[in-house]
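Reading through the C-alpha cells given below for one structure.
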Amino acid sequence: MDFLRMQVLKAGVKTLIQDRGRWGHRQYGVSPAGAVDSYSQQLANLLLGNPPENATLEAALGGLRLQALTAGCVALAGLGLRASHNGQVVVGQRALHLQAGDVLELQYTSLGARAYVAFQGGLEVPEVLGSSSTHQNSRLGPAALEAGMVLQARSATAGSNFKRFVPVKPFPAVLSIRVLRGPEWEDLPELQQVFRVTAQADRMGLRLQGDPVKLARTAEMFSVAVLPGTVQLPAGGQPLVLLSDAQTTGGYPRMFQVIQADLWKLGQVLPGQQLHFRVVNFMEAEQALQAYEQKLFRLQKALELYSRNTAAQPAG
C-alpha cells in the first residue's frame, strides 16, 4: 500500500511542522516549540485515529496549497480553518480522503490564526531531542515548508471519520483567559481592564495593549525562569504573553501564568482580539485541565464509536 505523499504548491504565510513539543531540555535553554494550539493539533490527529503526539502541519494565516501525489487521508482542524478540496468548500473540522491529483487549499479567515493538517499515520519527519517540532530561531527540527517540497505519511492506519465533522466555534468579542497569580503579583495593582492583541504577535508571544500597568515598586529583577503562558510586564506597562517558541528565561516581572487548559486559545487569537485575564486558584486550574482532557477523551471515544457504527452498516 502506498502511503500518502503530497507536494507543496504554495507554502502559505508560514507553515511549520509541529507536534506536542520538545520538553525536558529547558535547563539547557531549549524552548519546547510544539503546536501553539495544542487542542486543534490533537483534534486533527484524533479525526484520523492517530496518536495525539503525531506531527502535523501548522499553517498560520492561510495561503497553503497542497497536491496529493498518491491517494490517502488527511484531517483538518483549528479556528483558522477555511479550506477547499478541489475548489469545493470543506465544512467543519474533519477528515478527507484524497485521490492522486487532488488539491487542498487553506485560506485566511478572520475566525482564527492557525489551521492544522494531519496525515493518516503521521508525517514522516526526523526527530531532534525527542520531537519533530520546528523551532526556527534555534534551527531545531524540520525547515519551514517551501514550494516544491514533498511530504509523506509515516504509515497508513484505519479509523478516519470522513462523514463526521466538528464545527468551528468563533471566539467571543472579549475572550476570557484564566490565569494564576505570577511570582510578582504583589507588586501589581488589581487588574480589571480589557487588553487588545496587537500586530506584534507570533509563535514567541503576543504583545497586548491597554491602559498601562504600573508596578507598586520599580526594583530591577534578575533573569528568572519563564514558560509558555507566562504574562510578563515590560517597562512600558503593556503586557507580553509568551507562547511556544519563547525564551526560557526573562527579566520582566511575571504578572500571571495562563493555565494550561486555556493556553491553546492564545494560539488562535488575531490582532484586534480583546482579552480579559481572570484569576483562578490552583484547584480551579487543575479542575479546568481535567475538564479539558476529559473533553478530548470524550471526543475521541465518540469518533471511535461513530467509525465502528459506520463500518457495521451494510453497503447501500
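If you're wondering about the labels, chains in the C-alpha cells are A, B, ... by order shown, residues count from 1 in each chain, ligands from 1 in order shown.
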
Using only C-alpha atoms, find each residue of region 48-137 of chain A with at least one atom at most 7 Å away from an atom of region 165-187 of chain A; report its shortest atom-to-atom pair and that distance in Å (one decimal), sort the rows by chain and rising residue number, and return the result as CSV.
residue,atom,partner,partner_atom,distance
A:Leu79,CA,A:Val168,CA,5.9
A:Gly92,CA,A:Pro167,CA,4.7
A:Gln93,CA,A:Val166,CA,5.0
A:Arg94,CA,A:Phe165,CA,4.7
A:Leu111,CA,A:Pro170,CA,5.7

Go ahead and write the residues just picked, N, CA, C and O atoms, as a CSV table (one decimal), in the first residue's frame.
chain,number,residue,atom,x,y,z
A,79,LEU,N,-9.4,26.9,14.5
A,79,LEU,CA,-10.3,28.1,14.3
A,79,LEU,C,-9.9,28.8,13.0
A,79,LEU,O,-10.7,29.4,12.4
A,92,GLY,N,-16.4,22.4,8.3
A,92,GLY,CA,-16.0,22.0,9.6
A,92,GLY,C,-14.7,21.3,9.6
A,92,GLY,O,-14.0,21.2,8.7
A,93,GLN,N,-14.3,20.9,10.9
A,93,GLN,CA,-13.0,20.3,11.1
A,93,GLN,C,-13.3,18.8,10.9
A,93,GLN,O,-14.1,18.2,11.6
A,94,ARG,N,-12.5,18.2,9.9
A,94,ARG,CA,-12.9,16.8,9.5
A,94,ARG,C,-11.8,16.1,8.8
A,94,ARG,O,-10.8,16.7,8.5
A,111,LEU,N,-11.6,34.1,11.7
A,111,LEU,CA,-12.0,33.4,12.9
A,111,LEU,C,-10.9,33.0,13.8
A,111,LEU,O,-11.0,32.8,15.0

What are the DSSP strand (DSSP E or B) residues of region 189-309 of chain A, as a count of residues only?
33

Per DSSP on the backbone, what are the helix (DSSP H, G or I) residues of region 39-256 of chain A, as a PyMOL selection string?
chain A and resi 39-46+185-187

Could you save those same residues with N, CA, C and O atoms as an mmCIF file, in the first residue's frame?
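Written out: result24.cif:
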data_model
loop_
_atom_site.group_PDB
_atom_site.id
_atom_site.type_symbol
_atom_site.label_atom_id
_atom_site.label_comp_id
_atom_site.auth_asym_id
_atom_site.auth_seq_id
_atom_site.Cartn_x
_atom_site.Cartn_y
_atom_site.Cartn_z
ATOM 1 N N TYR A 39 -4.870 21.994 21.319
ATOM 2 C CA TYR A 39 -6.188 21.363 21.205
ATOM 3 C C TYR A 39 -6.487 20.998 19.754
ATOM 4 O O TYR A 39 -6.857 19.849 19.454
ATOM 5 N N SER A 40 -6.331 21.944 18.848
ATOM 6 C CA SER A 40 -6.646 21.689 17.438
ATOM 7 C C SER A 40 -5.674 20.692 16.829
ATOM 8 O O SER A 40 -6.049 19.874 15.978
ATOM 9 N N GLN A 41 -4.416 20.739 17.261
ATOM 10 C CA GLN A 41 -3.422 19.793 16.755
ATOM 11 C C GLN A 41 -3.801 18.365 17.146
ATOM 12 O O GLN A 41 -3.713 17.442 16.329
ATOM 13 N N GLN A 42 -4.246 18.188 18.388
ATOM 14 C CA GLN A 42 -4.675 16.863 18.831
ATOM 15 C C GLN A 42 -5.967 16.441 18.139
ATOM 16 O O GLN A 42 -6.134 15.266 17.781
ATOM 17 N N LEU A 43 -6.888 17.379 17.934
ATOM 18 C CA LEU A 43 -8.147 17.069 17.265
ATOM 19 C C LEU A 43 -7.895 16.563 15.847
ATOM 20 O O LEU A 43 -8.524 15.578 15.409
ATOM 21 N N ALA A 44 -6.982 17.209 15.120
ATOM 22 C CA ALA A 44 -6.675 16.759 13.762
ATOM 23 C C ALA A 44 -6.199 15.310 13.774
ATOM 24 O O ALA A 44 -6.596 14.501 12.921
ATOM 25 N N ASN A 45 -5.373 14.957 14.746
ATOM 26 C CA ASN A 45 -4.907 13.574 14.847
ATOM 27 C C ASN A 45 -6.038 12.618 15.234
ATOM 28 O O ASN A 45 -6.147 11.513 14.681
ATOM 29 N N LEU A 46 -6.898 13.024 16.167
ATOM 30 C CA LEU A 46 -7.991 12.166 16.595
ATOM 31 C C LEU A 46 -8.940 11.852 15.448
ATOM 32 O O LEU A 46 -9.497 10.748 15.365
ATOM 33 N N TRP A 185 3.108 39.113 41.496
ATOM 34 C CA TRP A 185 1.729 39.595 41.601
ATOM 35 C C TRP A 185 1.569 40.693 42.649
ATOM 36 O O TRP A 185 0.841 41.673 42.446
ATOM 37 N N GLU A 186 2.238 40.567 43.786
ATOM 38 C CA GLU A 186 2.036 41.523 44.879
ATOM 39 C C GLU A 186 2.508 42.921 44.521
ATOM 40 O O GLU A 186 2.124 43.892 45.183
ATOM 41 N N ASP A 187 3.325 43.052 43.487
ATOM 42 C CA ASP A 187 3.784 44.367 43.062
ATOM 43 C C ASP A 187 2.797 45.045 42.119
ATOM 44 O O ASP A 187 3.020 46.175 41.686
#

From CA of Leu48 (chain A) to CA of Phe297 (chain A) the spacing works out at 14.5 Å

Residues within 9 Å of Gly251 (chain A), please, as a PDB file with N, CA, C and O atoms, in the first residue's frame. Count only C-alpha atoms; anything in the same chain fewer than 4 positions from it doesn't count.
ATOM      1  N   GLU A 220      14.833  46.579  39.961  1.00  0.00           N
ATOM      2  CA  GLU A 220      15.211  45.734  38.833  1.00  0.00           C
ATOM      3  C   GLU A 220      15.234  44.267  39.250  1.00  0.00           C
ATOM      4  O   GLU A 220      15.447  43.934  40.406  1.00  0.00           O
ATOM      5  N   MET A 221      15.005  43.393  38.252  1.00  0.00           N
ATOM      6  CA  MET A 221      14.970  41.956  38.506  1.00  0.00           C
ATOM      7  C   MET A 221      16.130  41.265  37.808  1.00  0.00           C
ATOM      8  O   MET A 221      16.612  41.727  36.767  1.00  0.00           O
ATOM      9  N   PHE A 222      16.571  40.164  38.395  1.00  0.00           N
ATOM     10  CA  PHE A 222      17.466  39.261  37.684  1.00  0.00           C
ATOM     11  C   PHE A 222      16.628  38.428  36.712  1.00  0.00           C
ATOM     12  O   PHE A 222      15.411  38.313  36.849  1.00  0.00           O
ATOM     13  N   SER A 223      17.292  37.830  35.722  1.00  0.00           N
ATOM     14  CA  SER A 223      16.588  36.928  34.823  1.00  0.00           C
ATOM     15  C   SER A 223      16.090  35.713  35.602  1.00  0.00           C
ATOM     16  O   SER A 223      16.812  35.147  36.434  1.00  0.00           O
ATOM     17  N   VAL A 224      14.854  35.342  35.332  1.00  0.00           N
ATOM     18  CA  VAL A 224      14.218  34.223  36.023  1.00  0.00           C
ATOM     19  C   VAL A 224      13.544  33.319  34.989  1.00  0.00           C
ATOM     20  O   VAL A 224      13.415  33.670  33.820  1.00  0.00           O
ATOM     21  N   ALA A 225      13.123  32.145  35.420  1.00  0.00           N
ATOM     22  CA  ALA A 225      12.502  31.182  34.519  1.00  0.00           C
ATOM     23  C   ALA A 225      11.139  31.674  34.041  1.00  0.00           C
ATOM     24  O   ALA A 225      10.364  32.256  34.812  1.00  0.00           O
ATOM     25  N   GLN A 232       4.329  38.578  31.034  1.00  0.00           N
ATOM     26  CA  GLN A 232       5.353  39.489  31.549  1.00  0.00           C
ATOM     27  C   GLN A 232       4.904  40.942  31.425  1.00  0.00           C
ATOM     28  O   GLN A 232       4.018  41.271  30.622  1.00  0.00           O
ATOM     29  N   PRO A 234       6.762  44.375  30.606  1.00  0.00           N
ATOM     30  CA  PRO A 234       7.917  45.210  30.264  1.00  0.00           C
ATOM     31  C   PRO A 234       7.767  46.619  30.839  1.00  0.00           C
ATOM     32  O   PRO A 234       6.717  46.988  31.389  1.00  0.00           O
TER      33      PRO A 234
END

Could you make a table, as CSV, of the residues of region 54-157 of chain A that have an atom within 12 Å of an atom of region 17-22 of chain A, each with its nearest atom pair and distance in Å to one decimal, counting only C-alpha atoms, in chain and number order?
residue,atom,partner,partner_atom,distance
A:Asn54,CA,A:Asp19,CA,5.9
A:Ala55,CA,A:Asp19,CA,4.2
A:Thr56,CA,A:Gln18,CA,5.6
A:Leu57,CA,A:Ile17,CA,4.7
A:Glu58,CA,A:Ile17,CA,6.0
A:Ala59,CA,A:Ile17,CA,8.8
A:Ala60,CA,A:Ile17,CA,11.4
A:Ala115,CA,A:Gln18,CA,11.6
A:Tyr116,CA,A:Gln18,CA,9.2
A:Val117,CA,A:Ile17,CA,9.5
A:Ala118,CA,A:Ile17,CA,10.1
A:Phe119,CA,A:Ile17,CA,11.5
A:Gly122,CA,A:Asp19,CA,10.0
A:Leu123,CA,A:Ile17,CA,8.8
A:Glu124,CA,A:Ile17,CA,10.6
A:Val125,CA,A:Ile17,CA,8.7
A:Pro126,CA,A:Ile17,CA,10.8
A:Glu127,CA,A:Arg22,CA,9.5
A:Val128,CA,A:Arg22,CA,8.2
A:Leu129,CA,A:Arg22,CA,6.7
A:Gly130,CA,A:Arg22,CA,6.4
A:Ser131,CA,A:Arg22,CA,5.1
A:Ser132,CA,A:Asp19,CA,6.2
A:Ser133,CA,A:Gln18,CA,4.2
A:Thr134,CA,A:Ile17,CA,5.8
A:His135,CA,A:Gln18,CA,8.9
A:Gln136,CA,A:Ile17,CA,10.7
A:Leu140,CA,A:Arg22,CA,9.8
A:Gly141,CA,A:Ile17,CA,8.2
A:Pro142,CA,A:Ile17,CA,6.7
A:Ala143,CA,A:Ile17,CA,8.0
A:Ala144,CA,A:Ile17,CA,7.2
A:Leu145,CA,A:Ile17,CA,8.0
A:Glu146,CA,A:Ile17,CA,11.8
A:Leu151,CA,A:Ile17,CA,10.5
